[in-house]
>>> print(open('run_4.tsv').read())   # TSV, C-alpha atoms
chain	number	residue	atom	x	y	z
A	1	MET	CA	-8.53	-21.11	-53.39
A	2	ARG	CA	-8.51	-23.83	-50.75
A	3	THR	CA	-6.35	-26.02	-52.94
A	4	ALA	CA	-3.83	-23.23	-53.48
A	5	LEU	CA	-3.76	-22.49	-49.73
A	6	PHE	CA	-3.26	-26.20	-49.00
A	7	TRP	CA	-0.21	-26.37	-51.26
A	8	ILE	CA	1.26	-23.14	-49.85
A	9	PHE	CA	0.82	-24.22	-46.23
A	10	SER	CA	2.03	-27.77	-46.92
A	11	ALA	CA	5.15	-26.57	-48.71
A	12	ALA	CA	5.87	-24.13	-45.87
A	13	ALA	CA	5.31	-26.77	-43.18
A	14	VAL	CA	7.43	-29.48	-44.84
A	15	GLY	CA	10.12	-27.07	-46.02
A	16	SER	CA	10.59	-25.46	-42.64
A	17	ALA	CA	10.49	-28.89	-40.96
A	18	LEU	CA	13.48	-29.73	-43.16
A	19	GLY	CA	14.99	-26.44	-42.01
A	20	VAL	CA	14.61	-27.47	-38.35
A	21	VAL	CA	16.50	-30.71	-38.92
A	22	GLY	CA	18.94	-29.47	-41.55
A	23	SER	CA	20.23	-26.16	-40.19
A	24	LEU	CA	23.67	-27.08	-38.94
A	25	ARG	CA	24.91	-23.60	-38.03
A	26	SER	CA	23.00	-22.80	-34.90
A	27	PRO	CA	20.02	-24.13	-32.92
A	28	MET	CA	18.60	-20.61	-33.24
A	29	ASN	CA	17.97	-21.18	-36.97
A	30	SER	CA	16.20	-24.44	-36.11
A	31	ALA	CA	13.95	-22.68	-33.61
A	32	LEU	CA	12.99	-19.98	-36.11
A	33	SER	CA	12.21	-22.64	-38.74
A	34	LEU	CA	10.07	-24.35	-36.11
A	35	VAL	CA	7.93	-21.19	-35.76
A	36	VAL	CA	7.24	-21.17	-39.52
A	37	SER	CA	6.36	-24.86	-39.43
A	38	MET	CA	3.92	-24.38	-36.52
A	39	LEU	CA	2.21	-21.42	-38.18
A	40	ALA	CA	1.82	-23.31	-41.48
A	41	LEU	CA	0.32	-26.26	-39.56
A	42	ALA	CA	-2.12	-23.85	-37.90
A	43	GLY	CA	-3.18	-22.79	-41.41
A	44	LEU	CA	-3.76	-26.43	-42.35
A	45	TYR	CA	-5.90	-26.91	-39.22
A	46	VAL	CA	-8.08	-23.95	-40.18
A	47	LEU	CA	-8.41	-25.38	-43.72
A	48	LEU	CA	-9.68	-28.59	-42.12
A	49	GLY	CA	-12.35	-26.63	-40.24
A	50	ALA	CA	-10.60	-26.93	-36.87
A	51	GLN	CA	-10.53	-23.25	-35.96
A	52	PHE	CA	-10.08	-23.83	-32.24
A	53	VAL	CA	-7.15	-26.20	-32.66
A	54	GLY	CA	-5.56	-23.79	-35.14
A	55	LEU	CA	-5.88	-20.93	-32.66
A	56	ILE	CA	-4.41	-22.99	-29.83
A	57	GLN	CA	-1.61	-24.07	-32.16
A	58	VAL	CA	-0.64	-20.44	-32.76
A	59	MET	CA	-0.89	-19.46	-29.08
A	60	VAL	CA	0.65	-22.52	-27.43
A	61	TYR	CA	3.17	-23.75	-30.00
A	62	ALA	CA	4.26	-20.69	-31.95
A	63	GLY	CA	3.67	-18.38	-29.00
A	64	ALA	CA	4.81	-20.25	-25.92
A	65	ILE	CA	6.76	-23.39	-26.72
A	66	VAL	CA	9.07	-21.92	-29.36
A	67	VAL	CA	9.69	-18.85	-27.18
A	68	LEU	CA	10.71	-21.23	-24.38
A	69	PHE	CA	13.15	-22.90	-26.81
A	70	LEU	CA	14.56	-19.51	-27.81
A	71	PHE	CA	14.97	-18.48	-24.15
A	72	VAL	CA	16.91	-21.65	-23.38
A	73	ILE	CA	19.11	-21.32	-26.48
A	74	MET	CA	19.94	-17.72	-25.56
A	75	LEU	CA	20.37	-18.54	-21.87
A	76	LEU	CA	22.87	-21.30	-22.65
A	77	ASN	CA	24.53	-19.16	-25.34
A	78	LEU	CA	24.87	-22.06	-27.77
A	79	ARG	CA	26.68	-21.72	-31.05
A	80	GLY	CA	26.91	-24.47	-33.63
A	81	GLY	CA	28.58	-27.60	-32.38
A	82	GLY	CA	27.04	-31.00	-32.01
A	83	ALA	CA	26.07	-30.93	-35.66
A	84	SER	CA	27.90	-34.09	-36.66
A	85	GLY	CA	25.80	-36.89	-38.07
A	86	ALA	CA	25.64	-40.29	-36.46
A	87	GLU	CA	28.23	-42.70	-37.74
A	88	SER	CA	26.51	-46.03	-38.09
A	89	GLN	CA	27.51	-49.14	-39.99
A	90	PRO	CA	26.75	-49.17	-43.78
A	91	ILE	CA	24.77	-52.40	-43.37
A	92	THR	CA	22.48	-50.81	-40.75
A	93	LYS	CA	21.98	-47.81	-43.02
A	94	ALA	CA	21.03	-50.09	-45.92
A	95	ILE	CA	18.58	-52.10	-43.81
A	96	GLY	CA	17.10	-48.89	-42.42
A	97	ALA	CA	16.65	-47.37	-45.87
A	98	ILE	CA	14.96	-50.51	-47.21
A	99	VAL	CA	12.59	-50.78	-44.25
A	100	ALA	CA	11.73	-47.06	-44.42
A	101	ALA	CA	11.09	-47.17	-48.18
A	102	GLY	CA	8.92	-50.28	-47.82
A	103	ALA	CA	6.92	-48.77	-44.96
A	104	THR	CA	6.41	-45.55	-46.93
A	105	LEU	CA	5.21	-47.41	-50.02
A	106	TRP	CA	2.84	-49.52	-47.95
A	107	LEU	CA	1.48	-46.46	-46.15
A	108	VAL	CA	0.91	-44.49	-49.36
A	109	ARG	CA	-0.83	-47.44	-51.04
A	110	ARG	CA	-3.08	-48.04	-48.04
A	111	LEU	CA	-3.96	-44.37	-47.73
A	112	ALA	CA	-4.57	-43.95	-51.46
A	113	ALA	CA	-6.88	-46.97	-51.49
A	114	GLY	CA	-9.02	-45.53	-48.71
A	115	ARG	CA	-9.67	-42.05	-50.08
A	116	ALA	CA	-13.17	-40.88	-49.42
A	117	PRO	CA	-15.06	-37.65	-50.10
A	118	TRP	CA	-15.41	-35.12	-47.31
A	119	PRO	CA	-18.65	-35.41	-45.36
A	120	ASP	CA	-20.80	-32.36	-44.77
A	121	VAL	CA	-20.36	-30.98	-41.26
A	122	ASP	CA	-22.35	-28.64	-39.08
A	123	GLU	CA	-21.88	-24.91	-39.22
A	124	ASP	CA	-20.15	-24.90	-35.79
A	125	PHE	CA	-17.82	-27.84	-36.48
A	126	GLY	CA	-14.50	-27.20	-34.76
A	127	THR	CA	-15.44	-23.78	-33.39
A	128	THR	CA	-14.44	-22.73	-29.90
A	129	ARG	CA	-18.06	-23.06	-28.79
A	130	ALA	CA	-18.42	-26.66	-30.00
A	131	ILE	CA	-15.05	-27.81	-28.66
A	132	GLY	CA	-15.49	-25.91	-25.39
A	133	GLU	CA	-18.90	-27.44	-24.78
A	134	ALA	CA	-17.53	-30.93	-25.37
A	135	LEU	CA	-14.49	-30.25	-23.16
A	136	TYR	CA	-16.55	-29.03	-20.21
A	137	THR	CA	-19.26	-31.69	-20.40
A	138	ASP	CA	-18.12	-35.03	-21.81
A	139	TYR	CA	-14.39	-34.52	-21.23
A	140	VAL	CA	-14.41	-32.57	-17.96
A	141	LEU	CA	-12.33	-35.23	-16.20
A	142	SER	CA	-9.63	-34.96	-18.90
A	143	VAL	CA	-9.54	-31.19	-18.39
A	144	GLN	CA	-9.07	-31.62	-14.64
A	145	VAL	CA	-6.33	-34.20	-15.15
A	146	ALA	CA	-4.63	-31.86	-17.66
A	147	GLY	CA	-4.66	-29.14	-15.00
A	148	VAL	CA	-2.99	-31.42	-12.46
A	149	LEU	CA	-0.44	-32.43	-15.10
A	150	LEU	CA	0.39	-28.80	-15.85
A	151	LEU	CA	0.87	-28.10	-12.13
A	152	ALA	CA	3.18	-31.11	-11.80
A	153	GLY	CA	5.08	-29.91	-14.87
A	154	ILE	CA	5.60	-26.43	-13.41
A	155	VAL	CA	6.90	-27.84	-10.12
A	156	ALA	CA	9.15	-30.33	-11.91
A	157	ALA	CA	10.62	-27.67	-14.20
A	158	VAL	CA	11.44	-25.38	-11.25
A	159	VAL	CA	13.02	-28.20	-9.26
A	160	LEU	CA	15.05	-29.54	-12.20
A	161	ALA	CA	16.39	-26.16	-13.31
A	162	LYS	CA	17.44	-25.05	-9.83
A	163	LYS	CA	21.17	-24.57	-9.30
A	164	LYS	CA	21.28	-26.41	-5.98
A	165	ILE	CA	18.65	-28.76	-4.66
A	166	ASP	CA	18.32	-28.12	-0.95
B	1	MET	CA	-12.87	-28.83	-50.42
B	2	GLY	CA	-12.28	-28.80	-54.15
B	3	ASP	CA	-10.03	-31.56	-55.37
B	4	LEU	CA	-8.36	-32.12	-52.00
B	5	SER	CA	-8.85	-35.46	-50.32
B	6	PRO	CA	-8.01	-36.55	-46.76
B	7	PHE	CA	-5.15	-38.43	-48.40
B	8	HIS	CA	-3.32	-35.16	-49.14
B	9	PHE	CA	-3.33	-34.13	-45.49
B	10	GLN	CA	-2.21	-37.57	-44.31
B	11	VAL	CA	0.75	-37.50	-46.71
B	12	VAL	CA	1.81	-34.10	-45.35
B	13	ALA	CA	1.53	-35.47	-41.81
B	14	ALA	CA	3.56	-38.55	-42.75
B	15	LEU	CA	6.27	-36.38	-44.36
B	16	ILE	CA	6.59	-34.13	-41.30
B	17	PHE	CA	6.68	-37.16	-39.00
B	18	ALA	CA	9.43	-38.74	-41.11
B	19	ILE	CA	11.46	-35.53	-41.06
B	20	GLY	CA	11.12	-35.36	-37.27
B	21	ALA	CA	12.17	-38.99	-36.88
B	22	LEU	CA	15.18	-38.34	-39.12
B	23	GLY	CA	16.12	-35.39	-36.96
B	24	VAL	CA	16.08	-37.50	-33.80
B	25	LEU	CA	18.14	-40.21	-35.50
B	26	LEU	CA	20.70	-38.05	-37.30
B	27	ARG	CA	21.31	-34.95	-35.20
B	28	ARG	CA	23.39	-35.07	-32.03
B	29	ASN	CA	22.47	-31.65	-30.63
B	30	ILE	CA	20.02	-32.36	-27.81
B	31	ILE	CA	18.00	-29.18	-28.40
B	32	VAL	CA	17.52	-29.91	-32.11
B	33	MET	CA	16.54	-33.49	-31.25
B	34	PHE	CA	13.96	-32.09	-28.84
B	35	MET	CA	12.54	-29.83	-31.56
B	36	SER	CA	12.33	-32.86	-33.86
B	37	ILE	CA	10.21	-34.61	-31.23
B	38	GLU	CA	7.89	-31.58	-31.29
B	39	LEU	CA	7.66	-31.92	-35.08
B	40	MET	CA	6.58	-35.55	-34.71
B	41	LEU	CA	3.91	-34.60	-32.15
B	42	ASN	CA	2.63	-31.95	-34.55
B	43	ALA	CA	2.48	-34.43	-37.41
B	44	ALA	CA	0.39	-36.74	-35.23
B	45	ASN	CA	-1.89	-33.79	-34.42
B	46	LEU	CA	-2.36	-32.96	-38.10
B	47	SER	CA	-3.25	-36.59	-38.76
B	48	LEU	CA	-5.79	-36.55	-35.91
B	49	VAL	CA	-7.44	-33.35	-37.11
B	50	ALA	CA	-7.57	-34.58	-40.72
B	51	PHE	CA	-9.20	-37.86	-39.67
B	52	SER	CA	-11.58	-35.89	-37.47
B	53	ARG	CA	-12.69	-33.88	-40.51
B	54	GLU	CA	-12.84	-37.02	-42.63
B	55	ILE	CA	-15.40	-38.68	-40.35
B	56	GLY	CA	-17.13	-35.40	-39.48
B	57	ASN	CA	-16.68	-35.81	-35.72
B	58	ASP	CA	-14.83	-33.30	-33.54
B	59	GLN	CA	-13.55	-35.76	-30.92
B	60	GLY	CA	-10.24	-36.00	-32.80
B	61	GLN	CA	-9.75	-32.28	-32.25
B	62	ILE	CA	-10.22	-32.74	-28.50
B	63	LEU	CA	-7.56	-35.44	-28.55
B	64	ALA	CA	-5.26	-33.10	-30.50
B	65	PHE	CA	-5.86	-30.43	-27.85
B	66	MET	CA	-4.87	-32.88	-25.10
B	67	VAL	CA	-1.72	-33.79	-27.06
B	68	MET	CA	-0.84	-30.09	-27.09
B	69	VAL	CA	-1.28	-29.85	-23.30
B	70	VAL	CA	1.02	-32.82	-22.76
B	71	ALA	CA	3.53	-31.40	-25.28
B	72	ALA	CA	3.64	-28.09	-23.40
B	73	VAL	CA	4.37	-29.86	-20.11
B	74	GLU	CA	6.95	-32.04	-21.82
B	75	VAL	CA	8.77	-29.02	-23.26
B	76	ALA	CA	8.91	-27.29	-19.86
B	77	VAL	CA	10.32	-30.36	-18.10
B	78	GLY	CA	12.63	-31.31	-20.98
B	79	LEU	CA	14.16	-27.86	-21.26
B	80	ALA	CA	14.73	-27.80	-17.49
B	81	ILE	CA	16.59	-31.11	-17.83
B	82	ILE	CA	18.65	-29.66	-20.71
B	83	ILE	CA	19.54	-26.59	-18.62
B	84	SER	CA	20.76	-28.71	-15.73
B	85	LEU	CA	22.63	-30.98	-18.17
B	86	VAL	CA	24.48	-28.05	-19.72
B	87	ARG	CA	25.22	-26.66	-16.25
B	88	ASN	CA	26.78	-29.93	-15.12
B	89	ARG	CA	28.50	-31.13	-18.30
B	90	ASP	CA	28.84	-27.97	-20.42
B	91	THR	CA	27.79	-29.75	-23.61
B	92	VAL	CA	24.69	-30.20	-25.76
B	93	ASN	CA	26.12	-33.14	-27.69
B	94	ILE	CA	24.45	-36.33	-26.49
B	95	GLU	CA	27.54	-38.38	-27.37
B	96	ASP	CA	29.27	-36.73	-24.39
B	97	THR	CA	26.57	-37.83	-21.98
B	98	SER	CA	26.49	-41.57	-22.41
B	99	GLN	CA	26.55	-42.46	-18.73
B	100	MET	CA	23.58	-42.57	-16.39
B	101	LYS	CA	25.72	-41.34	-13.50
B	102	TRP	CA	28.96	-39.43	-13.14
>>> encode(input="run_4.tsv", output="structure tokens")
Amino acid sequence: MRTALFWIFSAAAVGSALGVVGSLRSPMNSALSLVVSMLALAGLYVLLGAQFVGLIQVMVYAGAIVVLFLFVIMLLNLRGGGASGAESQPITKAIGAIVAAGATLWLVRRLAAGRAPWPDVDEDFGTTRAIGEALYTDYVLSVQVAGVLLLAGIVAAVVLAKKKID
Amino acid sequence: MGDLSPFHFQVVAALIFAIGALGVLLRRNIIVMFMSIELMLNAANLSLVAFSREIGNDQGQILAFMVMVVAAVEVAVGLAIIISLVRNRDTVNIEDTSQMKW
């Protein structure tokens, strides 16, 4: 069951990630592919026992961030365009392909060598209670700093998107 | 977890990261490039959560949560920059905006 779910979610996540990059018609198609990718990743998080992170993934990414993208695409009324690929020199392409293939091979070999069985975890591993307790005790400073960062982000977004800065 | 190993999840994360990097390198539409950056952040998050499960410690999930907070702020600011860019230059193709000042 878990194995089947893993393959379904992985195929959905990777396939729709390709859809984000590969849809040349309109940024709208990319944004809708991005929603599918985020939801599939949330499924993978839950498979890994990280219920809280999966929930936040659905609410923040699929719920808020992608909607923000859709708003901007509709606000700017974008259609197609800008889809052309980068024209780089053949030699740079060849070097890039070789380096990427080598890095991928190295990564896969290293990861395959280090495969270990899953350890047993507590019943409340990754639940909202466990993560929340850690966030508000050991990591309370990080939470405060994140709040300040969000405030700065709100102010910056308003200032940047204003028509005239006065 | 049946016959799944942490290796499976790391390969999925690596694939999504590579697709996102390709998107930033190949596409010239600034909004699609921005979405590709989000894909890369998500791949890093998946890697963090998988490693967190592999060592049986939930600190990796807290780091993933913080990455999500920063990503949300980044999207808000980045989209505001894109809006003001389109207002001033009427283009989403980054090849048309090669100067720092105009």
>>> interface_residues(input="run_4.tsv", of="chain B", to="chain A", cutoff="6 Å", atoms="only C-alpha atoms", output="CSV table (one decimal) with C-alpha atoms, in the coordinates of the input")
chain,number,residue,atom,x,y,z
B,16,ILE,CA,6.6,-34.1,-41.3
B,23,GLY,CA,16.1,-35.4,-37.0
B,26,LEU,CA,20.7,-38.0,-37.3
B,27,ARG,CA,21.3,-35.0,-35.2
B,28,ARG,CA,23.4,-35.1,-32.0
B,29,ASN,CA,22.5,-31.6,-30.6
B,54,GLU,CA,-12.8,-37.0,-42.6
B,56,GLY,CA,-17.1,-35.4,-39.5
B,73,VAL,CA,4.4,-29.9,-20.1
B,76,ALA,CA,8.9,-27.3,-19.9
B,77,VAL,CA,10.3,-30.4,-18.1
B,80,ALA,CA,14.7,-27.8,-17.5
B,84,SER,CA,20.8,-28.7,-15.7
B,93,ASN,CA,26.1,-33.1,-27.7
>>> axis_aligned_box(input="run_4.tsv", around="segment 124-129 of chain A", padding_each_side="5 Å", output="AutoDock Vina command-line options")
--center_x -17.3 --center_y -25.3 --center_z -32.6 --size_x 15.7 --size_y 15.1 --size_z 17.7
>>> atom_distance(input="run_4.tsv", atom1="atom CA of Asn57 of chain B", atom2="atom CA of Phe9 of chain B")
16.6 Å
>>> atom_distance(input="run_4.tsv", atom1="atom CA of Ser5 of chain B", atom2="atom CA of Ala71 of chain B")
28.2 Å
>>> closest_residue(input="run_4.tsv", among="B:Leu46, B:Ile82, B:Ile19, B:Val69", to="Phe34 of chain B", atoms="all atoms listed in the file")
B:Ile82
>>> residues_around(input="run_4.tsv", residues="Met40 of chain B", least_positions_apart="5", cutoff="7 Å", atoms="all atoms listed in the file", output="compact mmCIF listing (two decimals) with C-alpha atoms, in the frame of the given file")
# COMPACT_ATOMS: atom_id res chain seq x y z
CA ILE B 16 6.59 -34.13 -41.30
CA PHE B 17 6.68 -37.16 -39.00
CA GLY B 20 11.12 -35.36 -37.27
CA ALA B 21 12.17 -38.99 -36.88
>>> atom_distance(input="run_4.tsv", atom1="atom CA of Val140 of chain A", atom2="atom CA of Leu39 of chain B")
27.9 Å
>>> closest_residue(input="run_4.tsv", among="A:Ala103, A:Tyr136, A:Val67, A:Arg109", to="Ala18 of chain B", atoms="only C-alpha atoms")
A:Ala103
